[in-house]
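The structure under discussion appears below in the form of structure tokens.
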Amino acid sequence: MAEHLTLVSLRRAISAKSGVSEKVADDFLNALFSTIQDGLVRDGIVGIQGLGTFKLQDVPARESVNVATGERFTIDGYRKIVFTEGSSHDVAEAPQTQRSGKKKTEDEPIDPIQKLGEQAEEIKGILSELNAMTSAEAADEATALQIHQEAAPEVPETPVEVAEAPEVSENAEAPVTPESKPDKPAEAPKKDKQSKPFNAWLTGLITIGVFAMLLIVAYFVLRHQIIRWADNMRDTIEQRITVPAEQTAPQAVPVIPETQESQAVPENQENQDSQEAPQPEQTTAEPEPVLPDYFDDSKRSFSEFQATETVGQDSRLAWVAKKHYGEKALWVFIFEANRDRLRNPNQVRPGMQLRIPKLPAELRDVNNPDTKALLDRLSNKYLD
Amino acid sequence: MNNKEIIQSVSQKAALTKQATEQLLQATAQIIRDTLKEGGDVKIQHFGSLEVRAHQARTVTNPRNGKKTEIPAKQVWTFKANNRLKDAVNPK
């Protein structure tokens, strides 16, 4: 059974197996073994696929004793060549693998697995305890949050409550009981909050920061629009303030301009009167012919214009009305006469051409209760 | 040094193509392996010898937990380097 393979028999076997001449096989074997030697010298390790690995192992120098003389001497260290069988597909066949395989199944896995199982059990217990503790804390924090919300003014409170839980709206009427409320709404957010109370706080803070950043960015991007909007708002507010102010105390200020205007444009009034004269006759057929046509919004139209005004910087309809009629409140008629180019009474742009209509004397009389009512109604209508 | 480097080097030294070298190397490995599996030995002149040695079954103790494990009897392949090879790897 013990077959001896020498260089010669190996050469023959190779030539028989691969169909090459013995000369080639010999050359090959010489080259192979000299290569392995070179490789060992160079790298200290040579792996041959399908066979095994030759490796150099250091044997350190050691002391020894000459048995005959009792003399101590050192044996020099050297490098020994070891061979480890097996590579990739050989491993299964190789007898050595049985050893490692058995070791793994018998020795190592049993202990670690048991230990891991025990550890897993312990960790589970600890985790469940922790969960219980954190849920209790989360509930406390939830109540704290609720109390904070209820400390806030009542106005925002009710929508918040309604949004969170509909049951709470019953209690919302009595804001004095903060302890009773939190229990109910706490149940809903509990599930989210209990596991990560600190994360919730962090997320809140981050969200607030992000919103602040967004607001700042938005402000810089939309600055001009915001400023314009603020101007418009201011105009509206001012006009709303000025209109009733002049209605309540009209005699004090407008008396002087009134007279001036009447002197300045007397012919217009006369013309207007003469033109309007036949109209009341037509309306006499109606049961209530009290008011002329121009008090009716649908019938009122401005065909004659006394001037054209170019809007200057920061000008407004009220100022234009004051300039031409001596009465701010009459801006509504200028607006009506320029409906084709003005959509919003507050959107008067610099450089815009405004036609200033001729107004009947009756409409210019701010003290007239009918006119007053009309102006009031119109200004409310156009500003809202 | 891995298989690729061996093939490259051998093909240069023996003036063979790489494919032929690889084929021959595989054949050689196969022959040696078969011989060893059948209990034979391989003696290469000026290189060394590969032999199969029987290891008896033994009991080992795990130093960590003191457990005793039986290692079954087995056959191992051993390599004994020729003196020339020894000298080559141990330059003086």
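Just so we're on the same page: first chain in the structure tokens is A, next is B, and so on; residues restart at 1 for each chain, and ligands are numbered from 1 in the order they show up.
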
Do you have, as JSON lines, the list of residues of chain B lying at most 6 Å from chain A, each with its nearest atom pair and that distance in Å to one decimal, counting only C-alpha atoms and ordered by chain then number?
{"residue": "B:Met1", "atom": "CA", "partner": "A:Val46", "partner_atom": "CA", "distance": 4.8}
{"residue": "B:Asn2", "atom": "CA", "partner": "A:Gly47", "partner_atom": "CA", "distance": 5.2}
{"residue": "B:Asn3", "atom": "CA", "partner": "A:Ile48", "partner_atom": "CA", "distance": 5.5}
{"residue": "B:Val10", "atom": "CA", "partner": "A:Ala31", "partner_atom": "CA", "distance": 5.2}
{"residue": "B:Lys13", "atom": "CA", "partner": "A:Ala31", "partner_atom": "CA", "distance": 5.6}
{"residue": "B:Ala14", "atom": "CA", "partner": "A:Asp27", "partner_atom": "CA", "distance": 5.5}
{"residue": "B:Ala29", "atom": "CA", "partner": "A:Leu51", "partner_atom": "CA", "distance": 5.3}
{"residue": "B:Gly39", "atom": "CA", "partner": "A:Ala2", "partner_atom": "CA", "distance": 5.7}
{"residue": "B:Gly40", "atom": "CA", "partner": "A:Glu3", "partner_atom": "CA", "distance": 4.3}
{"residue": "B:Asp41", "atom": "CA", "partner": "A:His4", "partner_atom": "CA", "distance": 5.2}
{"residue": "B:Val42", "atom": "CA", "partner": "A:Leu5", "partner_atom": "CA", "distance": 4.5}
{"residue": "B:Lys43", "atom": "CA", "partner": "A:Thr6", "partner_atom": "CA", "distance": 4.9}
{"residue": "B:Ile44", "atom": "CA", "partner": "A:Leu7", "partner_atom": "CA", "distance": 5.3}
{"residue": "B:Phe79", "atom": "CA", "partner": "A:Phe83", "partner_atom": "CA", "distance": 5.5}
{"residue": "B:Val89", "atom": "CA", "partner": "A:Val41", "partner_atom": "CA", "distance": 5.4}

Fewer than 2 positions away in the same chain doesn't count, so skip those; otherwise give me all residues within 6 Å of region 82-85 of chain B, counting only C-alpha atoms, as JSON, numbers by chain.
{"B": [46, 47, 48, 87, 88]}

Requested write-out: N, CA and C atoms of the selected residues, as a PDB file, in the first residue's frame:
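Ended up saving to again21.pdb:
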ATOM      1  N   HIS B  46      16.433  17.056  -3.368  1.00  0.00           N
ATOM      2  CA  HIS B  46      16.846  18.437  -3.123  1.00  0.00           C
ATOM      3  C   HIS B  46      15.723  19.325  -2.616  1.00  0.00           C
ATOM      4  N   PHE B  47      14.620  18.725  -2.308  1.00  0.00           N
ATOM      5  CA  PHE B  47      13.505  19.565  -1.822  1.00  0.00           C
ATOM      6  C   PHE B  47      13.034  19.097  -0.459  1.00  0.00           C
ATOM      7  N   GLY B  48      12.559  17.872  -0.400  1.00  0.00           N
ATOM      8  CA  GLY B  48      12.066  17.380   0.874  1.00  0.00           C
ATOM      9  C   GLY B  48      11.102  16.239   0.652  1.00  0.00           C
ATOM     10  N   ASP B  87      19.010  24.875   4.217  1.00  0.00           N
ATOM     11  CA  ASP B  87      20.077  25.885   4.108  1.00  0.00           C
ATOM     12  C   ASP B  87      19.612  27.086   3.303  1.00  0.00           C
ATOM     13  N   ALA B  88      18.762  26.814   2.295  1.00  0.00           N
ATOM     14  CA  ALA B  88      18.329  27.915   1.427  1.00  0.00           C
ATOM     15  C   ALA B  88      17.496  28.904   2.248  1.00  0.00           C
TER      16      ALA B  88
END

Give the alpha helix (DSSP H) residues of region 273-382 of chain A, as assigned by DSSP on the backbone, as a ChimeraX atom specification.
/A:273-276,278-283,317-325,331-337,361-364,369-382

CA of Ser11 (chain B) to CA of Thr28 (chain B): how many Å, to one decimal?
14.6 Å

Would you kindly return, as a list in words, each protein, DNA or RNA residue with an atom no farther than 9 Å from any atom of region 62-67 of chain A, considering only C-alpha atoms and excluding same-chain residues fewer than 6 positions away?
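Neighbouring residues, sequence-local ones excluded: Phe73, Thr74, Ile75, Asp76 and Gly77 of chain A.
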
Polymer residues at most 6 Å from region 51-54 of chain B, only C-alpha atoms, same-chain spacing of 5 or more positions, as a list in words:
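My reading of the contact set: Asp41, Lys74, Gln75, Val76, Trp77 and Thr78 of chain B.
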
Same residues, N, CA and C atoms, output as an mmCIF file, in the first residue's frame:
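Okay, this is what ended up in selection_12.cif:
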data_model
loop_
_atom_site.group_PDB
_atom_site.id
_atom_site.type_symbol
_atom_site.label_atom_id
_atom_site.label_comp_id
_atom_site.auth_asym_id
_atom_site.auth_seq_id
_atom_site.Cartn_x
_atom_site.Cartn_y
_atom_site.Cartn_z
ATOM 1 N N ASP B 41 4.169 8.082 0.399
ATOM 2 C CA ASP B 41 4.904 9.313 0.655
ATOM 3 C C ASP B 41 5.537 9.811 -0.642
ATOM 4 N N LYS B 74 -6.231 10.462 13.850
ATOM 5 C CA LYS B 74 -6.295 11.007 12.500
ATOM 6 C C LYS B 74 -4.938 10.870 11.836
ATOM 7 N N GLN B 75 -4.955 11.141 10.568
ATOM 8 C CA GLN B 75 -3.729 11.113 9.785
ATOM 9 C C GLN B 75 -3.395 12.533 9.355
ATOM 10 N N VAL B 76 -2.153 12.922 9.555
ATOM 11 C CA VAL B 76 -1.752 14.272 9.135
ATOM 12 C C VAL B 76 -0.633 14.163 8.105
ATOM 13 N N TRP B 77 -0.593 15.170 7.243
ATOM 14 C CA TRP B 77 0.458 15.225 6.243
ATOM 15 C C TRP B 77 1.584 16.055 6.814
ATOM 16 N N THR B 78 2.750 15.533 6.766
ATOM 17 C CA THR B 78 3.880 16.303 7.285
ATOM 18 C C THR B 78 4.921 16.472 6.189
#

Within region 10-68 of chain B, find each residue whose DSSP state, derived from the backbone, is strand (DSSP E or B), and express the selection as a ChimeraX atom specification.
/B:41-44,48-55,58-61,68

Separation of CA of Met233 (chain A) from CA of Ile216 (chain A) in Å
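Going from CA of Ile216 (chain A) over to CA of Met233 (chain A), I get 21.6 Å.
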
Grab the CA of Arg223 (chain A) to CA of Val320 (chain A) distance for me, in Å with one decimal place.
28.5 Å

Set the distance at 12 Å and use only C-alpha atoms: which residues neighbour Asn232 (chain A) once local chain neighbours fewer than 2 positions away are removed? I'd like the list as a ChimeraX atom specification.
/A:225-230,234-239,314-316,344-349,383

Could you save those same residues with C-alpha atoms as a PDB file, in the first residue's frame?
ATOM      1  CA  GLN A 225     -43.645  92.175  -0.456  1.00  0.00           C
ATOM      2  CA  ILE A 226     -44.046  92.280   3.292  1.00  0.00           C
ATOM      3  CA  ILE A 227     -43.185  95.959   3.412  1.00  0.00           C
ATOM      4  CA  ARG A 228     -45.681  96.703   0.663  1.00  0.00           C
ATOM      5  CA  TRP A 229     -48.335  94.684   2.433  1.00  0.00           C
ATOM      6  CA  ALA A 230     -47.629  96.526   5.683  1.00  0.00           C
ATOM      7  CA  ARG A 234     -51.450 101.039   7.283  1.00  0.00           C
ATOM      8  CA  ASP A 235     -53.282 102.907   4.532  1.00  0.00           C
ATOM      9  CA  THR A 236     -56.391 100.919   5.117  1.00  0.00           C
ATOM     10  CA  ILE A 237     -56.275 101.536   8.815  1.00  0.00           C
ATOM     11  CA  GLU A 238     -55.638 105.218   8.360  1.00  0.00           C
ATOM     12  CA  GLN A 239     -58.485 105.544   5.932  1.00  0.00           C
ATOM     13  CA  ASP A 314     -46.673 107.918  -1.362  1.00  0.00           C
ATOM     14  CA  SER A 315     -49.901 109.430  -2.616  1.00  0.00           C
ATOM     15  CA  ARG A 316     -53.271 107.982  -1.886  1.00  0.00           C
ATOM     16  CA  ASN A 344     -58.147  98.022  -5.083  1.00  0.00           C
ATOM     17  CA  PRO A 345     -58.406 101.522  -3.621  1.00  0.00           C
ATOM     18  CA  ASN A 346     -55.127 100.867  -1.832  1.00  0.00           C
ATOM     19  CA  GLN A 347     -53.229  99.906  -4.937  1.00  0.00           C
ATOM     20  CA  VAL A 348     -52.534 103.377  -6.230  1.00  0.00           C
ATOM     21  CA  ARG A 349     -49.161 103.309  -7.905  1.00  0.00           C
ATOM     22  CA  LEU A 383     -62.380  98.630   1.641  1.00  0.00           C
TER      23      LEU A 383
END

For Ile32 (chain B), which of B:Gln45, B:Gln19, B:Gly66, B:Leu50 is the closest residue, counting only C-alpha atoms?
B:Leu50

Within 12 Å of Val332 (chain A) using only C-alpha atoms, minus same-chain residues under 6 positions, as a PyMOL selection string:
chain A and resi 239+243+297+316-322+325+338-339+342+344-346+356-357+359+363-364+371-372+374-383
